[in-house]
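Q: The structure that follows is given in the form of C-alpha coordinates.
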Amino acid sequence: MEFNSVIHGENLVKKYKKFELNIPTLDIPEGFATALIGENGAGKSTLMDILAGIRLDFKGHLQFFGEFDEKDREKNPEVKMRIGYEGTGMYYMPTWTMQQGKDVQALLFDTFDGKRYDALCEELAIPVDPKKKINTLSDGNQMKLKLAGVFSRETDFLILDEPASPLDPLMRDKLCDMMRKYLLEKEGKRSILFSTHNIADMEAVTDYAIIVENGKIVEQGFVEELKEKYIVVKGEGEDREKVKEILYTMNENPYGFEGICLAEQLDALAGMKVLTETPSLSQICVAVMKKNSKLFQQKEG
Amino acid sequence: MIISQTSGVPIYQQIADSFRADILEGKMKEGEYLPSIRGLARDLKISVITTMKAYELLAQEGLVTAVQGKGYVVNPQDGNMLVEQHMRKVEEGLLQAIGSAKIAGLTEDELVNMLRMLMKL
(Lines give C-alpha, C1' and ligand atoms only; values in the text may rest on other atoms or scores of the structure.)
Protein backbone atom coordinates (compact mmCIF):
# COMPACT_ATOMS: atom_id res chain seq x y z
CA MET A 1 0.00 0.00 0.00
CA GLU A 2 1.31 3.46 -0.85
CA PHE A 3 1.57 6.13 1.80
CA ASN A 4 3.02 9.54 2.60
CA SER A 5 5.91 9.57 5.04
CA VAL A 6 5.79 11.68 8.18
CA ILE A 7 9.50 10.93 8.50
CA HIS A 8 11.78 9.92 5.69
CA GLY A 9 15.38 8.96 6.43
CA GLU A 10 18.32 8.10 4.22
CA ASN A 11 21.58 6.35 5.06
CA LEU A 12 21.13 6.68 8.80
CA VAL A 13 24.30 5.43 10.48
CA LYS A 14 25.37 5.55 14.10
CA LYS A 15 28.47 3.63 15.15
CA TYR A 16 29.34 2.49 18.63
CA LYS A 17 32.28 0.32 19.64
CA LYS A 18 30.45 -2.96 19.31
CA PHE A 19 27.29 -1.95 17.53
CA GLU A 20 26.26 -0.14 14.40
CA LEU A 21 22.84 1.21 13.47
CA ASN A 22 22.63 1.19 9.69
CA ILE A 23 19.36 2.06 7.95
CA PRO A 24 19.60 2.82 4.21
CA THR A 25 16.01 4.11 3.99
CA LEU A 26 13.40 4.75 6.63
CA ASP A 27 9.78 5.69 6.04
CA ILE A 28 7.22 6.16 8.80
CA PRO A 29 3.70 6.33 7.32
CA GLU A 30 1.68 9.47 7.99
CA GLY A 31 -1.70 9.02 9.67
CA PHE A 32 -0.89 5.71 11.34
CA ALA A 33 0.59 4.14 14.46
CA THR A 34 3.91 2.43 13.73
CA ALA A 35 5.44 -0.08 16.12
CA LEU A 36 9.19 -0.45 16.37
CA ILE A 37 9.92 -4.00 17.46
CA GLY A 38 13.17 -5.81 18.23
CA GLU A 39 15.39 -7.37 20.86
CA ASN A 40 17.00 -5.36 23.62
CA GLY A 41 20.02 -3.69 22.08
CA ALA A 42 18.69 -3.97 18.52
CA GLY A 43 18.87 -0.20 18.09
CA LYS A 44 15.28 0.90 18.71
CA SER A 45 16.04 3.60 21.26
CA THR A 46 19.05 4.83 19.30
CA LEU A 47 16.85 5.28 16.23
CA MET A 48 14.12 7.02 18.23
CA ASP A 49 16.63 9.34 19.87
CA ILE A 50 17.99 10.27 16.45
CA LEU A 51 14.48 11.04 15.18
CA ALA A 52 13.57 13.02 18.30
CA GLY A 53 16.76 15.08 18.19
CA ILE A 54 18.09 13.76 21.49
CA ARG A 55 21.06 12.30 19.66
CA LEU A 56 22.59 14.60 17.07
CA ASP A 57 25.84 12.72 16.39
CA PHE A 58 24.80 10.48 13.52
CA LYS A 59 25.32 10.32 9.78
CA GLY A 60 22.52 10.55 7.24
CA HIS A 61 19.58 12.70 6.29
CA LEU A 62 16.14 13.11 7.76
CA GLN A 63 13.01 14.73 6.43
CA PHE A 64 10.10 15.65 8.69
CA PHE A 65 6.50 16.26 7.60
CA GLY A 66 7.60 16.09 3.96
CA GLU A 67 9.45 19.41 4.02
CA PHE A 68 11.84 19.95 6.95
CA ASP A 69 15.28 18.46 7.58
CA GLU A 70 17.00 17.78 10.90
CA LYS A 71 18.46 21.30 11.00
CA ASP A 72 14.96 22.78 10.69
CA ARG A 73 13.90 20.53 13.55
CA GLU A 74 16.62 22.03 15.75
CA LYS A 75 16.41 25.64 14.62
CA ASN A 76 12.75 26.12 13.76
CA PRO A 77 10.79 25.81 17.00
CA GLU A 78 7.57 25.30 15.05
CA VAL A 79 8.91 22.01 13.71
CA LYS A 80 10.21 20.88 17.09
CA MET A 81 6.93 21.77 18.82
CA ARG A 82 5.04 19.48 16.44
CA ILE A 83 7.01 16.49 17.70
CA GLY A 84 6.26 14.95 21.09
CA TYR A 85 8.77 12.60 22.73
CA GLU A 86 8.53 10.24 25.67
CA GLY A 87 11.65 8.31 26.66
CA THR A 88 12.38 5.47 29.04
CA GLY A 89 14.72 7.42 31.28
CA MET A 90 14.04 10.17 33.76
CA TYR A 91 12.26 13.01 32.07
CA TYR A 92 11.53 15.15 35.08
CA MET A 93 14.30 16.09 37.49
CA PRO A 94 13.96 13.49 40.23
CA THR A 95 13.71 16.02 43.02
CA TRP A 96 10.95 18.05 41.39
CA THR A 97 7.52 17.97 42.91
CA MET A 98 4.54 17.11 40.73
CA GLN A 99 3.59 20.79 40.68
CA GLN A 100 7.07 21.79 39.49
CA GLY A 101 6.90 19.13 36.76
CA LYS A 102 3.69 20.66 35.49
CA ASP A 103 4.98 24.25 35.72
CA VAL A 104 8.12 23.42 33.75
CA GLN A 105 6.15 21.88 30.91
CA ALA A 106 3.88 24.92 30.76
CA LEU A 107 7.02 27.05 30.51
CA LEU A 108 8.73 24.90 27.87
CA PHE A 109 5.89 24.13 25.50
CA ASP A 110 3.64 26.80 23.99
CA THR A 111 0.80 24.38 23.36
CA PHE A 112 0.91 22.66 26.75
CA ASP A 113 -2.68 22.58 28.01
CA GLY A 114 -2.75 22.51 31.81
CA LYS A 115 -6.43 21.61 31.99
CA ARG A 116 -5.96 18.71 29.64
CA TYR A 117 -2.96 17.59 31.68
CA ASP A 118 -5.03 17.56 34.87
CA ALA A 119 -7.84 15.71 33.12
CA LEU A 120 -5.39 13.11 31.76
CA CYS A 121 -3.77 12.66 35.19
CA GLU A 122 -7.22 11.88 36.55
CA GLU A 123 -8.09 9.60 33.62
CA LEU A 124 -4.84 7.69 34.12
CA ALA A 125 -5.51 7.39 37.87
CA ILE A 126 -2.28 9.14 38.86
CA PRO A 127 -2.33 9.93 42.59
CA VAL A 128 -1.83 13.68 42.18
CA ASP A 129 -0.30 15.50 45.11
CA PRO A 130 1.35 18.81 44.05
CA LYS A 131 3.93 18.58 46.83
CA LYS A 132 4.90 14.96 46.24
CA LYS A 133 8.31 14.40 44.71
CA ILE A 134 8.22 12.71 41.31
CA ASN A 135 10.92 10.18 42.13
CA THR A 136 8.81 8.76 44.96
CA LEU A 137 6.17 7.61 42.45
CA SER A 138 6.14 4.01 41.16
CA ASP A 139 7.58 3.25 37.69
CA GLY A 140 4.06 2.91 36.31
CA ASN A 141 2.94 6.25 37.70
CA GLN A 142 6.10 7.99 36.46
CA MET A 143 5.38 6.66 32.96
CA LYS A 144 1.74 7.77 33.21
CA LEU A 145 2.91 11.25 34.22
CA LYS A 146 5.20 11.41 31.17
CA LEU A 147 2.36 10.25 28.91
CA ALA A 148 -0.05 12.82 30.40
CA GLY A 149 2.55 15.46 29.56
CA VAL A 150 3.17 14.46 25.97
CA PHE A 151 -0.54 13.98 25.21
CA SER A 152 -1.36 17.42 26.65
CA ARG A 153 0.38 19.23 23.82
CA GLU A 154 -0.70 20.04 20.28
CA THR A 155 1.62 17.82 18.28
CA ASP A 156 1.46 16.04 14.93
CA PHE A 157 3.94 13.26 15.60
CA LEU A 158 4.60 11.31 18.77
CA ILE A 159 7.72 9.26 19.50
CA LEU A 160 7.02 6.96 22.43
CA ASP A 161 9.83 4.72 23.69
CA GLU A 162 8.44 1.66 25.46
CA PRO A 163 5.30 3.38 26.75
CA ALA A 164 3.51 0.12 27.63
CA SER A 165 6.30 -1.64 29.57
CA PRO A 166 5.69 -0.35 33.10
CA LEU A 167 1.89 -0.13 32.70
CA ASP A 168 -0.64 -2.63 34.03
CA PRO A 169 -3.09 -4.29 31.58
CA LEU A 170 -5.85 -1.78 32.35
CA MET A 171 -3.54 1.16 31.67
CA ARG A 172 -2.17 -0.46 28.48
CA ASP A 173 -5.74 -0.59 27.24
CA LYS A 174 -6.15 3.07 28.20
CA LEU A 175 -2.92 3.93 26.36
CA CYS A 176 -4.26 2.23 23.20
CA ASP A 177 -7.45 4.30 23.51
CA MET A 178 -5.42 7.50 23.91
CA MET A 179 -3.37 6.65 20.83
CA ARG A 180 -6.47 5.95 18.70
CA LYS A 181 -8.08 9.18 19.90
CA TYR A 182 -4.90 11.10 19.07
CA LEU A 183 -4.89 9.71 15.51
CA LEU A 184 -8.61 10.50 15.13
CA GLU A 185 -8.40 14.15 16.17
CA LYS A 186 -6.67 15.23 12.97
CA GLU A 187 -7.90 12.36 10.83
CA GLY A 188 -4.93 11.23 8.78
CA LYS A 189 -2.56 14.06 9.69
CA ARG A 190 -1.17 12.75 12.95
CA SER A 191 1.21 9.85 13.35
CA ILE A 192 2.77 7.84 16.17
CA LEU A 193 6.00 5.85 16.36
CA PHE A 194 6.30 3.66 19.44
CA SER A 195 8.63 0.88 20.48
CA THR A 196 7.35 -2.11 22.38
CA HIS A 197 8.05 -5.63 23.59
CA ASN A 198 4.39 -6.09 24.48
CA ILE A 199 3.28 -6.86 20.95
CA ALA A 200 0.16 -8.80 21.88
CA ASP A 201 -1.17 -5.97 24.06
CA MET A 202 -0.42 -3.35 21.43
CA GLU A 203 -1.44 -5.22 18.25
CA ALA A 204 -4.92 -3.67 18.24
CA VAL A 205 -3.37 -0.22 17.82
CA THR A 206 -0.52 -1.17 15.48
CA ASP A 207 -0.97 -0.26 11.82
CA TYR A 208 2.57 -0.56 10.55
CA ALA A 209 5.39 -2.60 12.05
CA ILE A 210 9.14 -2.17 11.69
CA ILE A 211 11.25 -5.03 13.03
CA VAL A 212 14.84 -4.11 13.89
CA GLU A 213 17.60 -6.60 14.59
CA ASN A 214 21.24 -5.84 15.24
CA GLY A 215 20.96 -2.28 13.95
CA LYS A 216 19.15 -3.14 10.72
CA ILE A 217 15.54 -3.23 9.58
CA VAL A 218 14.82 -6.88 8.85
CA GLU A 219 11.10 -6.63 8.08
CA GLN A 220 8.45 -3.93 7.80
CA GLY A 221 4.97 -3.40 6.45
CA PHE A 222 1.33 -2.75 7.24
CA VAL A 223 0.12 -5.36 9.71
CA GLU A 224 -2.67 -6.61 7.45
CA GLU A 225 -0.13 -7.10 4.64
CA LEU A 226 2.34 -8.92 6.89
CA LYS A 227 -0.48 -11.23 7.95
CA GLU A 228 -0.95 -12.19 4.32
CA LYS A 229 2.77 -12.53 3.69
CA TYR A 230 3.35 -15.10 6.45
CA ILE A 231 1.36 -18.15 7.43
CA VAL A 232 1.33 -20.45 10.46
CA VAL A 233 1.78 -24.16 9.67
CA LYS A 234 0.92 -26.93 12.13
CA GLY A 235 1.37 -30.64 11.69
CA GLU A 236 1.69 -33.94 13.49
CA GLY A 237 5.12 -35.08 12.53
CA GLU A 238 4.81 -37.18 9.39
CA ASP A 239 6.03 -34.50 7.02
CA ARG A 240 8.23 -32.82 9.58
CA GLU A 241 11.50 -33.06 7.65
CA LYS A 242 10.04 -31.83 4.36
CA VAL A 243 8.20 -28.97 6.02
CA LYS A 244 11.28 -27.98 7.98
CA GLU A 245 13.04 -26.90 4.80
CA ILE A 246 10.59 -24.13 4.01
CA LEU A 247 9.70 -22.98 7.52
CA TYR A 248 11.16 -19.77 8.89
CA THR A 249 11.11 -21.15 12.38
CA MET A 250 9.79 -24.36 13.83
CA ASN A 251 8.85 -25.50 17.31
CA GLU A 252 8.82 -29.23 17.78
CA ASN A 253 7.31 -31.31 20.54
CA PRO A 254 6.43 -35.01 20.96
CA TYR A 255 2.97 -34.39 19.49
CA GLY A 256 3.82 -32.41 16.40
CA PHE A 257 5.30 -29.19 15.15
CA GLU A 258 4.34 -25.60 14.55
CA GLY A 259 6.09 -22.94 12.51
CA ILE A 260 5.81 -19.97 10.23
CA CYS A 261 6.59 -19.73 6.53
CA LEU A 262 6.07 -17.31 3.68
CA ALA A 263 2.57 -17.64 2.22
CA GLU A 264 4.08 -17.75 -1.28
CA GLN A 265 5.74 -21.03 -0.37
CA LEU A 266 2.43 -22.62 0.47
CA ASP A 267 2.45 -24.63 -2.78
CA ALA A 268 5.37 -26.63 -1.43
CA LEU A 269 3.07 -27.92 1.32
CA ALA A 270 0.54 -29.36 -1.11
CA GLY A 271 -0.47 -32.89 -0.21
CA MET A 272 0.98 -32.75 3.29
CA LYS A 273 -1.13 -33.23 6.36
CA VAL A 274 -0.79 -29.75 7.82
CA LEU A 275 -3.11 -27.08 9.13
CA THR A 276 -2.52 -23.46 8.13
CA GLU A 277 -3.62 -20.35 10.03
CA THR A 278 -3.27 -16.58 9.78
CA PRO A 279 -0.52 -15.53 12.22
CA SER A 280 -0.84 -12.84 14.87
CA LEU A 281 1.59 -9.92 14.69
CA SER A 282 3.34 -11.33 17.70
CA GLN A 283 3.89 -14.71 15.99
CA ILE A 284 5.30 -12.96 12.91
CA CYS A 285 7.64 -10.85 15.02
CA VAL A 286 8.96 -13.80 16.99
CA ALA A 287 9.59 -15.75 13.77
CA VAL A 288 11.37 -12.88 12.03
CA MET A 289 13.36 -12.07 15.16
CA LYS A 290 14.44 -15.70 15.63
CA LYS A 291 15.57 -15.90 12.04
CA ASN A 292 17.67 -12.76 12.36
CA SER A 293 18.73 -12.82 15.96
CA LYS A 294 22.46 -13.10 16.56
CA LEU A 295 21.84 -15.03 19.72
CA PHE A 296 19.70 -17.64 18.04
CA GLN A 297 22.05 -18.07 15.10
CA GLN A 298 24.98 -18.66 17.43
CA LYS A 299 23.04 -21.35 19.23
CA GLU A 300 21.93 -22.98 16.01
CA GLY A 301 25.39 -22.79 14.44
CA MET B 1 -21.68 -4.62 15.46
CA ILE B 2 -20.22 -7.64 17.22
CA ILE B 3 -16.55 -8.34 16.59
CA SER B 4 -15.23 -11.71 17.66
CA GLN B 5 -11.51 -12.11 18.32
CA THR B 6 -11.65 -15.90 18.30
CA SER B 7 -14.07 -16.82 15.49
CA GLY B 8 -11.24 -17.39 13.02
CA VAL B 9 -12.85 -14.87 10.66
CA PRO B 10 -10.45 -11.90 10.22
CA ILE B 11 -11.68 -8.74 11.93
CA TYR B 12 -11.64 -6.72 8.70
CA GLN B 13 -13.89 -9.40 7.16
CA GLN B 14 -16.35 -9.19 10.06
CA ILE B 15 -16.58 -5.40 9.71
CA ALA B 16 -17.07 -5.64 5.94
CA ASP B 17 -19.76 -8.32 6.44
CA SER B 18 -21.65 -6.10 8.86
CA PHE B 19 -21.65 -3.03 6.61
CA ARG B 20 -22.40 -5.12 3.53
CA ALA B 21 -25.51 -6.51 5.23
CA ASP B 22 -26.60 -2.99 6.27
CA ILE B 23 -26.16 -1.69 2.73
CA LEU B 24 -27.88 -4.62 1.02
CA GLU B 25 -30.77 -4.54 3.50
CA GLY B 26 -31.17 -0.83 2.87
CA LYS B 27 -30.29 0.19 6.44
CA MET B 28 -27.54 2.32 4.94
CA LYS B 29 -28.76 4.27 1.96
CA GLU B 30 -27.21 5.66 -1.19
CA GLY B 31 -25.19 8.81 -0.47
CA GLU B 32 -24.68 7.98 3.20
CA TYR B 33 -21.09 7.90 4.48
CA LEU B 34 -19.50 5.05 6.39
CA PRO B 35 -18.13 6.18 9.79
CA SER B 36 -14.67 7.78 9.49
CA ILE B 37 -11.87 5.21 9.42
CA ARG B 38 -10.15 6.45 12.57
CA GLY B 39 -13.47 7.07 14.32
CA LEU B 40 -14.54 3.47 13.79
CA ALA B 41 -11.09 2.24 14.86
CA ARG B 42 -11.45 4.17 18.11
CA ASP B 43 -15.00 2.97 18.73
CA LEU B 44 -14.25 -0.69 18.00
CA LYS B 45 -10.82 -0.56 19.70
CA ILE B 46 -9.01 -1.87 16.64
CA SER B 47 -6.20 -0.55 14.48
CA VAL B 48 -6.69 1.99 11.70
CA ILE B 49 -5.27 -0.37 9.08
CA THR B 50 -7.83 -3.09 9.91
CA THR B 51 -10.71 -0.65 9.42
CA MET B 52 -9.13 0.58 6.21
CA LYS B 53 -8.86 -2.93 4.83
CA ALA B 54 -12.56 -3.56 5.56
CA TYR B 55 -13.56 -0.40 3.70
CA GLU B 56 -11.29 -1.21 0.77
CA LEU B 57 -12.92 -4.62 0.49
CA LEU B 58 -16.38 -2.99 0.26
CA ALA B 59 -15.03 -0.57 -2.35
CA GLN B 60 -13.68 -3.48 -4.41
CA GLU B 61 -17.12 -5.06 -4.32
CA GLY B 62 -18.56 -1.81 -5.68
CA LEU B 63 -20.76 -1.20 -2.62
CA VAL B 64 -18.99 2.04 -1.63
CA THR B 65 -16.68 4.54 -3.29
CA ALA B 66 -13.79 6.42 -1.69
CA VAL B 67 -14.24 10.19 -2.00
CA GLN B 68 -11.00 12.13 -1.60
CA GLY B 69 -10.93 13.98 1.69
CA LYS B 70 -14.45 12.94 2.67
CA GLY B 71 -14.50 9.22 3.26
CA TYR B 72 -16.43 6.26 1.88
CA VAL B 73 -19.90 6.88 0.41
CA VAL B 74 -22.56 4.21 -0.21
CA ASN B 75 -23.21 3.65 -3.92
CA PRO B 76 -26.69 3.36 -5.42
CA GLN B 77 -27.72 -0.29 -5.15
CA ASP B 78 -29.70 -1.85 -7.97
CA GLY B 79 -32.49 -3.68 -6.10
CA ASN B 80 -33.63 -5.76 -9.07
CA MET B 81 -30.15 -6.90 -9.84
CA LEU B 82 -29.69 -8.10 -6.28
CA VAL B 83 -32.96 -10.05 -6.33
CA GLU B 84 -31.95 -11.62 -9.64
CA GLN B 85 -28.54 -12.57 -8.31
CA HIS B 86 -30.10 -14.35 -5.38
CA MET B 87 -32.73 -16.04 -7.56
CA ARG B 88 -29.92 -17.49 -9.62
CA LYS B 89 -28.23 -18.80 -6.48
CA VAL B 90 -31.50 -20.49 -5.38
CA GLU B 91 -31.86 -22.10 -8.80
CA GLU B 92 -28.30 -23.37 -8.77
CA GLY B 93 -28.73 -24.83 -5.31
CA LEU B 94 -31.99 -26.55 -6.19
CA LEU B 95 -30.53 -28.05 -9.37
CA GLN B 96 -27.71 -29.50 -7.34
CA ALA B 97 -30.17 -30.93 -4.81
CA ILE B 98 -32.26 -32.50 -7.59
CA GLY B 99 -29.15 -34.11 -9.05
CA SER B 100 -28.21 -35.63 -5.70
CA ALA B 101 -31.81 -36.75 -5.11
CA LYS B 102 -31.77 -38.66 -8.37
CA ILE B 103 -28.56 -40.47 -7.43
CA ALA B 104 -30.04 -41.34 -4.04
CA GLY B 105 -33.25 -42.57 -5.72
CA LEU B 106 -35.61 -40.12 -4.03
CA THR B 107 -39.04 -39.59 -5.63
CA GLU B 108 -40.29 -36.11 -6.45
CA ASP B 109 -42.71 -36.19 -3.52
CA GLU B 110 -40.02 -37.28 -1.11
CA LEU B 111 -37.76 -34.44 -2.26
CA VAL B 112 -40.52 -31.82 -1.97
CA ASN B 113 -41.41 -33.12 1.49
CA MET B 114 -37.79 -32.85 2.52
CA LEU B 115 -37.66 -29.24 1.33
CA ARG B 116 -40.85 -28.42 3.27
CA MET B 117 -39.42 -29.97 6.38
CA LEU B 118 -36.14 -28.12 6.04
CA MET B 119 -37.95 -24.79 5.49
CA LYS B 120 -39.58 -25.21 8.91
CA LEU B 121 -36.21 -25.48 10.69
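Each chain in the C-alpha coordinates gets a letter, A, B and so on, in the order shown; residues start at 1 in every chain, and ligands are counted from 1 in the order they appear.
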Name the residues of chain B that fall into alpha helix (DSSP H) according to DSSP on the backbone, using the chain letters and numbers of this document, as a ChimeraX atom specification.
A: /B:11-24,37-44,48-60,79-104,108-120
Q: Using only C-alpha atoms, which chain A residues lie at most 6 Å away from chain B, written as number ranges by chain?
A: A: 180, 184, 204-207
Q: Which of these residues is nearest to Val67 (chain B), using only C-alpha atoms: B:Gln13, B:Gly105, B:Glu25, B:Leu34?
A: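 Of B:Gln13, B:Gly105, B:Glu25, B:Leu34, the one nearest Val67 (chain B) is B:Leu34, counting only C-alpha atoms.
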Q: Just the number, please: distance in Å from CA of Ser195 (chain A) to CA of Leu160 (chain A), one decimal.
A: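 Straight-line distance from CA of Ser195 (chain A) to CA of Leu160 (chain A) works out to 6.6 Å.
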Q: List as number ranges by chain the protein and nucleic acid residues near Glu86 (chain A), meaning an atom at most 9 Å away when only C-alpha atoms are counted, but skip any in the same chain fewer than 2 places from it.
A: A: 84, 88-89, 91, 143, 146-147, 149-150, 158-163
